[in-house]
>>> print(open('data_39.txt').read())   # compact mmCIF, C-alpha atoms
# COMPACT_ATOMS: atom_id res chain seq x y z
CA MET A 420 147.28 95.80 72.22
CA THR A 421 143.86 95.06 70.87
CA GLY A 422 143.14 94.27 67.26
CA PRO A 423 140.20 95.18 65.04
CA TYR A 424 138.66 91.74 65.43
CA ASP A 425 139.17 91.25 69.11
CA PRO A 426 135.89 90.46 70.85
CA ILE A 427 134.19 92.53 73.52
CA VAL A 428 133.93 91.00 76.96
CA VAL A 429 130.93 91.84 79.16
CA ARG A 430 131.36 91.18 82.88
CA TRP A 431 128.74 91.23 85.61
CA PRO A 432 128.76 90.62 89.37
CA GLN A 433 128.14 87.39 91.21
CA ALA A 434 124.64 88.63 92.07
CA LEU A 435 123.65 88.13 88.44
CA ALA A 436 125.48 84.88 87.87
CA ASP A 437 122.49 82.79 88.97
CA HIS A 438 120.59 84.29 86.06
CA ALA A 439 123.27 83.20 83.60
CA GLY A 440 123.79 79.58 84.59
CA GLY A 441 126.64 80.62 86.85
CA ALA A 442 128.49 82.56 84.17
CA ARG A 443 129.87 86.00 84.91
CA THR A 444 131.01 86.99 81.45
CA LEU A 445 129.81 87.02 77.89
CA THR A 446 131.98 87.47 74.83
CA VAL A 447 130.42 89.27 71.89
CA ASP A 448 131.80 90.08 68.48
CA ALA A 449 132.91 93.62 67.87
CA THR A 450 131.44 95.42 64.90
CA ALA A 451 132.57 98.49 63.05
CA ASP A 452 131.10 101.55 64.76
CA GLY A 453 129.63 99.31 67.42
CA ARG A 454 127.80 101.03 70.25
CA LEU A 455 126.89 100.01 73.76
CA ARG A 456 123.31 99.56 72.54
CA ASP A 457 124.55 96.77 70.23
CA VAL A 458 126.25 95.08 73.16
CA VAL A 459 123.04 95.27 75.19
CA ASP A 460 121.14 93.80 72.23
CA GLN A 461 123.55 90.89 72.25
CA LEU A 462 123.07 90.51 75.96
CA THR A 463 119.28 90.51 75.52
CA ALA A 464 119.45 87.88 72.81
CA ARG A 465 121.83 85.56 74.62
CA VAL A 466 121.35 86.15 78.35
CA PRO A 467 117.90 87.77 78.66
CA ALA A 468 117.62 87.21 82.40
CA VAL A 469 120.75 89.29 82.91
CA ALA A 470 119.84 91.87 80.30
CA ARG A 471 116.46 92.73 81.80
CA ARG A 472 118.15 93.46 85.10
CA VAL A 473 120.42 95.96 83.37
CA VAL A 474 117.86 97.70 81.16
CA ASP A 475 114.09 98.03 81.58
CA GLU A 476 111.41 97.40 78.96
CA THR A 477 111.95 100.82 77.41
CA GLY A 478 115.62 100.06 76.91
CA SER A 479 116.82 102.46 79.59
CA ILE A 480 119.65 101.47 81.90
CA ARG A 481 118.21 100.95 85.38
CA ARG A 482 118.80 103.82 87.78
CA PHE A 483 121.06 101.97 90.20
CA VAL A 484 122.99 100.02 87.58
CA ASN A 485 126.26 101.39 86.27
CA VAL A 486 127.71 100.21 82.99
CA TYR A 487 131.36 100.97 82.40
CA VAL A 488 132.97 100.94 78.99
CA GLY A 489 136.58 100.51 79.87
CA GLU A 490 137.09 102.69 82.91
CA GLU A 491 134.33 105.23 82.34
CA GLU A 492 130.68 104.90 83.33
CA CYS A 493 128.59 105.18 80.18
CA ARG A 494 126.43 108.02 81.52
CA ARG A 495 129.58 110.17 81.51
CA LEU A 496 130.10 109.28 77.87
CA HIS A 497 127.19 108.89 75.47
CA GLY A 498 124.98 106.45 77.33
CA LEU A 499 123.85 103.60 75.14
CA GLU A 500 125.33 105.37 72.14
CA THR A 501 128.82 105.14 73.62
CA PRO A 502 131.20 103.56 71.10
CA VAL A 503 132.52 100.18 72.20
CA PRO A 504 135.73 99.45 70.27
CA ALA A 505 137.00 95.94 69.60
CA GLY A 506 138.75 94.49 72.61
CA SER A 507 136.76 96.55 75.12
CA VAL A 508 135.62 95.28 78.47
CA VAL A 509 132.12 96.31 79.52
CA TYR A 510 131.52 96.10 83.27
CA ILE A 511 128.02 95.92 84.75
CA VAL A 512 127.91 96.82 88.44
CA GLY A 513 125.30 97.75 90.98
CA SER A 514 125.82 101.30 92.17
CA VAL A 515 126.70 102.11 95.75
CA ALA A 516 123.24 102.25 97.26
CA GLY A 517 121.10 100.50 99.79
CA GLY A 518 121.24 99.86 103.50
CA MET B 137 98.95 76.98 108.17
CA ARG B 138 101.49 79.07 106.36
CA ILE B 139 102.21 82.78 106.46
CA ALA B 140 104.22 84.46 103.74
CA ILE B 141 106.02 87.58 104.97
CA GLY B 142 107.40 90.08 102.48
CA THR B 143 109.57 92.84 103.90
CA ARG B 144 111.54 95.84 102.75
CA LYS B 145 114.57 93.59 102.58
CA GLY B 146 113.87 89.91 102.35
CA LEU B 147 111.21 87.22 102.33
CA TRP B 148 110.24 84.78 105.07
CA THR B 149 107.58 82.15 105.67
CA ALA B 150 106.16 80.88 108.91
CA ARG B 151 104.41 77.57 109.55
CA GLY B 152 102.39 76.84 112.58
CA ASP B 153 99.14 76.30 114.41
CA ASP B 154 97.80 76.33 117.97
CA ASP B 155 101.09 74.92 119.19
CA GLY B 156 103.21 77.77 117.87
CA TRP B 157 104.97 79.05 114.80
CA GLU B 158 108.29 78.34 113.18
CA VAL B 159 109.80 81.09 111.05
CA SER B 160 112.05 80.22 108.12
CA GLN B 161 115.47 81.58 107.45
CA PRO B 162 115.37 84.45 104.94
CA LEU B 163 114.33 82.98 101.60
CA HIS B 164 115.64 85.98 99.71
CA ASP B 165 117.70 89.00 100.61
CA MET B 166 118.62 92.29 98.96
CA ALA B 167 115.13 92.80 97.54
CA GLU B 168 111.85 94.15 98.80
CA PHE B 169 108.73 92.04 98.59
CA ALA B 170 105.73 94.32 98.25
CA SER B 171 103.43 91.45 97.32
CA VAL B 172 103.10 87.81 98.27
CA ALA B 173 100.32 85.33 97.58
CA TRP B 174 99.49 81.69 98.10
CA MET B 175 97.70 79.99 95.24
CA PRO B 176 95.91 76.77 96.18
CA ARG B 177 96.86 73.67 94.25
CA ALA B 178 95.45 70.17 94.26
CA ASP B 179 94.60 68.63 97.61
CA GLY B 180 97.71 67.60 99.44
CA GLU B 181 100.04 69.67 97.29
CA THR B 182 102.05 72.55 98.69
CA PRO B 183 100.33 75.80 97.73
CA ARG B 184 102.15 77.87 95.16
CA LEU B 185 103.92 80.89 96.61
CA ILE B 186 103.94 83.81 94.19
CA VAL B 187 105.95 86.91 95.09
CA GLY B 188 106.51 90.34 93.65
CA ALA B 189 110.13 91.23 94.35
CA ARG B 190 112.09 94.36 93.61
CA SER B 191 115.82 94.68 93.76
CA TRP B 192 116.96 98.26 94.12
CA PHE B 193 119.68 97.46 91.62
CA TRP B 194 118.20 94.94 89.24
CA GLY B 195 114.52 95.88 89.13
CA PRO B 196 111.28 93.98 89.67
CA SER B 197 110.53 90.28 89.30
CA VAL B 198 107.62 87.92 89.83
CA MET B 199 108.69 84.47 90.96
CA VAL B 200 106.83 81.31 91.87
CA SER B 201 107.74 78.45 94.17
CA ASP B 202 105.94 75.14 94.65
CA ASP B 203 108.14 73.98 97.52
CA ASP B 204 107.74 76.64 100.20
CA GLY B 205 110.47 78.82 98.76
CA LEU B 206 113.26 76.28 98.40
CA THR B 207 113.37 76.75 94.63
CA TRP B 208 111.97 79.46 92.40
CA SER B 209 111.17 79.94 88.77
CA GLU B 210 110.45 82.86 86.47
CA PRO B 211 110.67 83.43 82.74
CA GLU B 212 114.04 84.69 81.57
CA SER B 213 112.46 87.79 80.10
CA GLY B 214 110.32 88.46 83.17
CA ALA B 215 106.76 87.51 84.13
CA VAL B 216 105.34 91.04 83.99
CA ARG B 217 106.72 92.99 81.09
CA PHE B 218 105.16 95.98 79.36
CA PRO B 219 104.80 95.55 75.60
CA PRO B 220 106.82 97.99 73.49
CA GLU B 221 103.75 99.98 72.44
CA ALA B 222 103.04 100.81 76.10
CA ASP B 223 106.34 102.72 76.35
CA ALA B 224 106.45 102.00 80.06
CA ALA B 225 108.61 100.04 82.46
CA LEU B 226 107.46 97.97 85.41
CA GLU B 227 108.47 99.54 88.70
CA ARG B 228 106.84 97.33 91.30
CA VAL B 229 104.24 94.61 91.76
CA TRP B 230 102.00 95.86 94.54
CA THR B 231 99.55 93.03 94.87
CA ILE B 232 99.07 89.49 93.60
CA GLN B 233 95.55 88.06 93.67
CA PRO B 234 94.75 84.46 92.72
CA ASP B 235 91.34 84.33 91.05
CA PRO B 236 88.90 82.17 93.02
CA ARG B 237 86.78 81.72 89.90
CA GLU B 238 89.36 79.97 87.72
CA ALA B 239 92.24 77.69 88.57
CA ASP B 240 95.61 79.00 87.38
CA VAL B 241 94.32 82.55 86.88
CA VAL B 242 96.23 85.14 88.90
CA TRP B 243 95.94 88.92 88.81
CA ALA B 244 98.63 91.45 89.57
CA GLY B 245 98.30 95.13 90.38
CA CYS B 246 101.40 97.06 89.45
CA GLU B 247 103.23 100.35 89.27
CA PRO B 248 102.78 102.28 87.06
CA HIS B 249 99.03 101.86 87.51
CA SER B 250 98.29 98.71 85.58
CA LEU B 251 96.37 95.48 85.92
CA TRP B 252 97.74 92.17 84.70
CA ARG B 253 96.28 88.69 84.24
CA SER B 254 98.08 85.38 84.28
CA ALA B 255 96.45 82.22 82.95
CA ASP B 256 99.37 79.96 83.91
CA GLY B 257 99.51 80.26 87.65
CA GLY B 258 101.61 83.40 87.81
CA SER B 259 104.37 82.44 85.41
CA THR B 260 103.49 84.99 82.74
CA PHE B 261 101.11 87.95 82.77
CA ALA B 262 99.31 89.98 80.11
CA LEU B 263 98.47 93.66 80.47
CA ASN B 264 94.79 94.53 80.82
CA ALA B 265 94.51 96.78 77.80
CA ALA B 266 91.15 98.32 78.71
CA LEU B 267 92.35 99.80 82.00
CA TRP B 268 95.73 100.79 80.56
CA ALA B 269 93.91 102.72 77.82
CA HIS B 270 91.58 104.44 80.27
CA PRO B 271 91.40 108.19 79.65
CA HIS B 272 91.68 108.84 83.39
CA ARG B 273 95.06 107.12 83.65
CA ALA B 274 97.03 110.28 82.97
CA ASP B 275 95.38 111.80 86.05
CA TRP B 276 96.09 108.93 88.45
CA ARG B 277 98.87 109.94 90.78
CA PRO B 278 101.24 108.00 92.96
CA GLY B 279 100.41 107.97 96.63
CA ALA B 280 103.29 108.29 99.08
CA GLY B 281 104.14 104.65 98.57
CA GLY B 282 103.98 104.75 94.79
CA ALA B 283 101.45 104.41 92.00
CA ALA B 284 99.61 101.28 92.92
CA ILE B 285 96.68 99.23 91.84
CA HIS B 286 96.54 97.52 95.21
CA THR B 287 93.22 95.71 95.52
CA ILE B 288 91.80 93.37 92.90
CA VAL B 289 88.41 91.77 93.41
CA PRO B 290 87.32 89.13 90.89
CA ARG B 291 83.59 88.58 91.43
CA ALA B 292 81.40 85.57 90.83
CA ASP B 293 79.24 87.36 88.26
CA GLY B 294 82.28 87.92 86.04
CA SER B 295 82.74 91.54 86.98
CA MET B 296 85.84 93.01 88.59
CA ILE B 297 86.57 95.80 91.03
CA VAL B 298 89.99 97.34 91.47
CA ALA B 299 91.20 100.06 93.81
CA MET B 300 94.25 102.25 93.44
CA SER B 301 96.22 104.95 95.17
CA THR B 302 95.53 107.49 93.97
CA GLY B 303 92.69 107.11 91.55
CA GLY B 304 90.09 105.37 93.65
CA VAL B 305 87.78 102.49 92.84
CA TYR B 306 86.99 101.29 89.31
CA ARG B 307 84.59 98.60 88.20
CA SER B 308 84.22 96.60 85.01
CA ASP B 309 81.54 94.16 83.93
CA ASP B 310 84.10 91.74 82.50
CA SER B 311 87.54 93.38 82.91
CA ASP B 312 88.08 93.57 79.14
CA SER B 313 85.47 96.19 78.35
CA GLY B 314 85.19 99.59 79.94
CA TRP B 315 86.17 100.46 83.49
CA VAL B 316 84.04 103.04 85.27
CA PRO B 317 84.98 105.03 88.37
CA ALA B 318 83.01 104.06 91.47
CA ASN B 319 83.86 106.65 94.11
CA LYS B 320 80.74 108.71 94.71
CA GLY B 321 80.67 109.73 98.36
CA ILE B 322 84.34 109.06 99.14
CA ARG B 323 86.12 112.19 100.26
CA ALA B 324 89.47 113.34 98.90
CA GLU B 325 90.52 115.68 101.69
CA PHE B 326 93.85 116.45 100.10
CA GLN B 327 92.52 118.49 97.16
CA PRO B 328 90.15 121.43 96.63
CA ASP B 329 87.41 119.30 95.03
CA GLU B 330 86.78 116.94 97.91
CA TYR B 331 84.26 114.74 96.13
CA PRO B 332 85.66 114.16 92.63
CA GLU B 333 84.53 111.48 90.23
CA TYR B 334 87.91 109.82 90.67
CA GLY B 335 91.29 110.59 92.21
CA GLN B 336 90.55 109.45 95.76
CA CYS B 337 93.33 107.80 97.70
CA VAL B 338 91.53 104.61 98.64
CA HIS B 339 93.93 102.51 100.67
CA ARG B 340 92.19 99.17 100.52
CA ILE B 341 88.78 97.62 99.88
CA ALA B 342 87.19 94.34 100.97
CA VAL B 343 83.95 92.63 99.97
CA ASP B 344 81.41 91.44 102.52
CA ALA B 345 81.17 87.67 102.85
CA ALA B 346 77.38 87.52 102.60
CA ASP B 347 76.61 90.29 100.12
CA PRO B 348 78.86 90.62 97.06
CA ASP B 349 77.54 94.11 96.40
CA ARG B 350 78.61 95.32 99.83
CA VAL B 351 82.15 96.68 99.85
CA TYR B 352 84.16 98.25 102.66
CA ALA B 353 86.86 100.85 102.00
CA GLN B 354 89.63 102.19 104.20
CA ASN B 355 90.30 105.54 102.62
CA HIS B 356 93.05 108.10 103.16
CA GLY B 357 90.80 109.65 105.78
CA GLY B 358 87.52 107.89 106.36
CA VAL B 359 86.12 104.38 106.34
CA TYR B 360 83.27 103.80 103.92
CA ARG B 361 80.75 101.21 102.88
CA SER B 362 79.02 100.70 99.58
CA ASP B 363 75.93 98.53 99.22
CA ASP B 364 75.82 98.79 95.44
CA SER B 365 79.24 97.59 94.30
CA GLY B 366 80.81 101.00 94.62
CA THR B 367 78.22 103.09 92.82
CA SER B 368 77.79 105.11 96.01
CA TRP B 369 79.54 105.11 99.40
CA SER B 370 78.58 106.15 102.92
CA PRO B 371 80.91 106.93 105.83
CA ILE B 372 81.04 104.33 108.60
CA MET B 373 83.93 105.61 110.71
CA ALA B 374 81.85 106.87 113.66
CA GLY B 375 83.09 105.11 116.77
CA LEU B 376 86.62 104.46 115.54
CA PRO B 377 89.54 106.08 117.39
CA ALA B 378 90.94 107.35 114.07
CA ASP B 379 89.58 107.46 110.56
CA PHE B 380 92.97 106.91 108.89
CA GLY B 381 94.60 103.56 108.24
CA PHE B 382 95.72 101.28 105.49
CA VAL B 383 93.91 98.03 106.19
CA VAL B 384 90.36 96.76 105.93
CA LEU B 385 89.61 93.05 106.09
CA ALA B 386 86.20 91.46 105.59
CA HIS B 387 85.33 88.30 107.47
CA PRO B 388 85.76 85.39 105.06
CA THR B 389 82.40 83.75 105.84
CA ARG B 390 80.26 86.00 108.06
CA GLY B 391 78.41 88.96 106.62
CA GLU B 392 78.51 92.46 108.08
CA THR B 393 81.79 91.66 109.82
CA ALA B 394 85.05 93.46 109.10
CA TRP B 395 88.20 94.76 110.77
CA VAL B 396 90.30 97.90 110.39
CA ILE B 397 93.59 98.86 112.01
CA PRO B 398 93.29 102.58 112.80
CA ILE B 399 96.25 104.92 112.50
CA ALA B 400 96.12 108.44 113.93
CA PRO B 401 96.46 110.77 110.91
CA GLU B 402 98.28 113.51 112.78
CA THR B 403 101.06 111.20 114.00
CA MET B 404 100.81 108.08 111.79
CA PHE B 405 101.02 106.07 115.02
CA PRO B 406 98.38 103.68 116.32
CA PRO B 407 96.10 105.90 118.43
CA GLU B 408 97.66 106.37 121.88
CA GLY B 409 100.30 103.84 120.89
CA ARG B 410 97.77 101.00 121.14
CA LEU B 411 98.20 98.58 118.26
CA ARG B 412 94.71 97.14 117.90
CA LEU B 413 92.13 95.99 115.44
CA TRP B 414 88.65 97.41 115.49
CA ARG B 415 85.83 95.10 114.50
CA THR B 416 82.32 95.67 113.29
CA ASP B 417 79.60 93.03 113.29
CA ASP B 418 76.95 95.28 111.81
CA ALA B 419 78.55 96.52 108.60
CA GLY B 420 80.09 99.56 110.19
CA ALA B 421 77.22 100.86 112.34
CA THR B 422 79.29 100.17 115.46
CA TRP B 423 82.91 99.25 116.18
CA SER B 424 84.69 97.65 119.10
CA GLU B 425 88.35 97.24 119.92
CA THR B 426 89.81 93.76 119.69
CA GLY B 427 93.19 92.10 119.70
CA ARG B 428 94.14 90.79 123.14
CA GLY B 429 97.87 90.28 123.29
CA LEU B 430 98.75 93.14 120.97
CA PRO B 431 101.18 95.68 122.41
CA ASP B 432 100.74 99.09 123.94
CA GLY B 433 103.48 101.64 123.47
CA HIS B 434 103.68 100.69 119.82
CA TYR B 435 104.59 103.36 117.31
CA ALA B 436 104.86 101.56 113.99
CA SER B 437 102.02 101.33 111.51
CA VAL B 438 100.58 98.43 109.53
CA LEU B 439 100.80 98.81 105.79
CA ARG B 440 98.11 98.08 103.24
CA ASP B 441 99.10 94.63 102.04
CA ALA B 442 100.58 93.54 105.35
CA ALA B 443 97.32 92.09 106.70
CA HIS B 444 95.21 89.15 105.63
CA VAL B 445 92.35 86.96 106.77
CA VAL B 446 91.35 83.48 105.62
CA ASP B 447 88.79 80.90 106.62
CA VAL B 448 90.25 77.85 108.32
CA ASP B 449 87.58 75.22 109.00
CA GLY B 450 84.97 77.82 109.77
CA THR B 451 87.16 80.16 111.81
CA ALA B 452 88.66 83.42 110.60
CA VAL B 453 92.44 83.36 110.92
CA LEU B 454 94.11 86.77 110.73
CA ALA B 455 97.73 87.82 110.40
CA PHE B 456 99.43 91.14 109.98
CA GLY B 457 102.89 92.65 110.07
CA THR B 458 104.21 95.97 111.28
CA ARG B 459 106.76 98.43 110.03
CA ASN B 460 109.02 97.56 112.94
CA GLY B 461 109.25 93.96 111.82
CA SER B 462 106.76 92.04 113.94
CA VAL B 463 104.14 89.65 112.61
CA TYR B 464 101.09 88.74 114.69
CA ALA B 465 98.52 86.00 114.07
CA SER B 466 95.11 85.26 115.51
CA LEU B 467 93.48 81.85 115.32
CA ASP B 468 90.28 83.01 117.02
CA GLU B 469 88.73 85.58 114.73
CA GLY B 470 90.92 88.41 115.92
CA GLU B 471 90.07 88.10 119.61
CA SER B 472 93.65 87.37 120.60
CA PHE B 473 97.02 87.49 118.86
CA THR B 474 100.40 85.87 119.30
CA GLU B 475 103.66 87.19 117.92
CA VAL B 476 104.83 84.96 115.07
CA ALA B 477 108.00 86.84 114.15
CA THR B 478 109.90 89.83 115.44
CA ARG B 479 112.85 92.01 114.51
CA LEU B 480 112.40 91.52 110.79
CA PRO B 481 112.78 94.44 108.38
CA ASP B 482 109.59 96.47 107.96
CA VAL B 483 106.80 94.23 106.79
CA LEU B 484 105.21 95.10 103.45
CA SER B 485 103.07 92.07 102.67
CA VAL B 486 101.48 89.21 104.57
CA ARG B 487 99.32 86.37 103.26
CA VAL B 488 98.01 83.31 105.06
CA SER B 489 97.36 79.90 103.54
CA PRO B 490 95.14 77.43 105.37
>>> encode(input="data_39.txt", output="structure tokens")
Amino acid sequence: MTGPYDPIVVRWPQALADHAGGARTLTVDATADGRLRDVVDQLTARVPAVARRVVDETGSIRRFVNVYVGEEECRRLHGLETPVPAGSVVYIVGSVAGG
Amino acid sequence: MRIAIGTRKGLWTARGDDDGWEVSQPLHDMAEFASVAWMPRADGETPRLIVGARSWFWGPSVMVSDDDGLTWSEPESGAVRFPPEADAALERVWTIQPDPREADVVWAGCEPHSLWRSADGGSTFALNAALWAHPHRADWRPGAGGAAIHTIVPRADGSMIVAMSTGGVYRSDDSDSGWVPANKGIRAEFQPDEYPEYGQCVHRIAVDAADPDRVYAQNHGGVYRSDDSGTSWSPIMAGLPADFGFVVLAHPTRGETAWVIPIAPETMFPPEGRLRLWRTDDAGATWSETGRGLPDGHYASVLRDAAHVVDVDGTAVLAFGTRNGSVYASLDEGESFTEVATRLPDVLSVRVSP
């Protein structure tokens, strides 16, 4: 069960931990009608070196970065306008690419 | 001497001299390094290594190291970052050019086509607004490698020359006022109008050591020389085994002397599989093959930023890397080469520090 005031937890992979002083999560306050864009704004304000690796200067999510809200990648929902309810977990992962 | 080696996947350095070279372990992985540069510091201090990295996942970064790559720094928000009004995002840093005129000034040529200036040794950069606002910018196109301002020439008289693929050569009296195209005579064989005002795919330019108005250009088809800072160009490729290539290097101290690394345009291999440099000592009137020790049966090319020449106590020291992961260096003005590194990922950028 999650409550209306439960925070949102943002998680990212070890590859980004060096840019966050070793941390791999950030807890942000949920807001009424909060969107993924608000979470990214929090990320930018508090962990800018992680945030700029997730979104570019125009605010777009980088092509090979996937951001899940719960179990669904945000591009399958409403992108940065995807609602992020209290108690959600937002996962940042690199997509399956490279060689 | 030091050689910085940026590859499609990882960064290395090599240190060495007449007695041989020692190559580092990979200093970074999981990122390409399209640009590397050494910035001199005070006598006795390790030169600053500045690199333009790009993670396929996490995007581009510019980082600096003052300890040969052991530790790195960059601003949390990024060193090269488009302002909101530009409505653009940095894709790649194609070249990093320390300014010989001013300590701590470093230039960067980036994708999308943009020129940046740092006044703090490469830690933070500001967009050159005059070139960004140029009315031609909408017509500049990415070459096969990407939209790149790839050569930046700060000149003693305060003026600047840049070259880009595609777009060609542009010149400015002071970099902050207007930029004018400087491509007259350079052929653009890939479009109906073969001699446009701009839009040429110039691969690299280099300035003659003795005459600052004399500039050499390796074009996408054709090698050219200008004797008037790019106002007009004349072909100088007669005598070369191929007129295509990505590299032109001017001798650091001797006028009329330059090297190219020809690539056969129909195959994109070194002509007849012979990886060689071709040298002119008369500003392009004649050319001769050089590069003892370089391989035959070689079918990988040498990319634009993967070659460099510096003056070391009066001798030109050259180094270049290949797309099959070898790096070669010459301590005798390009007469002979030794293999510094092999079996790396494809080499994108090479810079030598004395």
>>> atom_distance(input="data_39.txt", atom1="CA of Ser160 in chain B", atom2="CA of Ser514 in chain A")
29.8 Å
>>> interface_residues(input="data_39.txt", of="chain A", to="chain B", cutoff="8 Å", atoms="all atoms listed in the file", output="list of chain:residue names")
A:His438, A:Pro467, A:Ala468, A:Arg471, A:Arg472, A:Val473, A:Asp475, A:Glu476, A:Thr477, A:Arg481, A:Arg482, A:Phe483, A:Val484, A:Gly513, A:Ser514, A:Gly517
>>> write_last_selection(input="data_39.txt", atoms="C-alpha atoms", output="PDB file, in the coordinates of the input")
ATOM      1  CA  HIS A 438     120.590  84.290  86.060  1.00  0.00           C
ATOM      2  CA  PRO A 467     117.900  87.770  78.660  1.00  0.00           C
ATOM      3  CA  ALA A 468     117.620  87.210  82.400  1.00  0.00           C
ATOM      4  CA  ARG A 471     116.460  92.730  81.800  1.00  0.00           C
ATOM      5  CA  ARG A 472     118.150  93.460  85.100  1.00  0.00           C
ATOM      6  CA  VAL A 473     120.420  95.960  83.370  1.00  0.00           C
ATOM      7  CA  ASP A 475     114.090  98.030  81.580  1.00  0.00           C
ATOM      8  CA  GLU A 476     111.410  97.400  78.960  1.00  0.00           C
ATOM      9  CA  THR A 477     111.950 100.820  77.410  1.00  0.00           C
ATOM     10  CA  ARG A 481     118.210 100.950  85.380  1.00  0.00           C
ATOM     11  CA  ARG A 482     118.800 103.820  87.780  1.00  0.00           C
ATOM     12  CA  PHE A 483     121.060 101.970  90.200  1.00  0.00           C
ATOM     13  CA  VAL A 484     122.990 100.020  87.580  1.00  0.00           C
ATOM     14  CA  GLY A 513     125.300  97.750  90.980  1.00  0.00           C
ATOM     15  CA  SER A 514     125.820 101.300  92.170  1.00  0.00           C
ATOM     16  CA  GLY A 517     121.100 100.500  99.790  1.00  0.00           C
TER      17      GLY A 517
END
>>> atom_distance(input="data_39.txt", atom1="CA of Gly294 in chain B", atom2="CA of Ala443 in chain B")
25.9 Å
>>> atom_distance(input="data_39.txt", atom1="CA of Thr446 in chain A", atom2="CA of Ser479 in chain A")
21.8 Å
>>> residues_around(input="data_39.txt", residues="Asp312 in chain B", least_positions_apart="6", cutoff="10 Å", atoms="only C-alpha atoms", output="MDAnalysis selection string")
chainID B and resid 264:267 295:296
>>> closest_residue(input="data_39.txt", among="B:Ile341, B:Met373, B:Val446, B:Val438", to="Gly358 in chain B", atoms="only C-alpha atoms")
B:Met373
